[in-house]
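First the structure, in the form of structure tokens, and then the observations on it.
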Amino acid sequence: MVQSDKALLEKLNKLFADEYHSFTEAILNAAPYVDESMKEAEAVLKRIVEQEKEHARLLGELIYKLDGVPDTETYNTDIGDINYLSLQALLPRIIRFKREQLERYRAMVKECGIGLDEVRSLMRRLANATAEQLKSLEPLLSQLHHKK
């Protein structure tokens, strides 16, 4: 494997880890503590978790196709210390994480050179999906703050 292939696989594995170990799913474990006024937010988060699982699957398949191995051990240390506080407290962190994730996908689209059409296509698709997730999350923040 040439160095550029190794660097590409490392970047793809970081994106894979972000989707595979997303803390959005951990927040759903707090469902018994989410009151009725936040059920809409809970539904949006459930949808995002399903999308993240699909994104991890697609990234894992791409990594295998490029003769790599998806790294399920590594996770984003920025989210490793998060415990459930309240949806109002965590939603801004989820949004910030998704914005950063979107920028990483967009950067990969720009970095993919000739011969990496499949990688670029998947990165573009995941960037678009992440942008849609942000569109569904951002209004929730103002709704939750108005319900206080």
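Just so we're on the same page: first chain in the structure tokens is A, next is B, and so on; residues restart at 1 for each chain, and ligands are numbered from 1 in the order they show up.
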
**Message:** So that I can check the surroundings of stretch 96-111 of chain A, please list as a PyMOL selection string every protein, DNA and RNA residue that reaches within 12 Å of it, counting only C-alpha atoms and ignoring chain neighbours fewer than 4 positions away.
**Reply:** chain A and resi 4+7-12+14-19+22-24+48+52+55+59+76-79+90-92+115-138+141

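Counting from atom CA of A:Thr72, the distance to atom CA of A:Tyr20 is 7.3 Å.
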
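Between A:Leu140 and the residues A:Leu28, A:Leu62, A:Cys112, A:Ile94, the shortest atom-to-atom distance, using only C-alpha atoms, involves A:Ile94.
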
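Distance check against A:Ala56 using only C-alpha atoms: of A:Ala89, A:Ala41, A:Asp5, A:Asn13, the minimum falls on A:Asn13.
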
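For the atom pair formed by atom CA of A:Val49 and atom CA of A:Gln143, the distance is 20.5 Å, given to one decimal.
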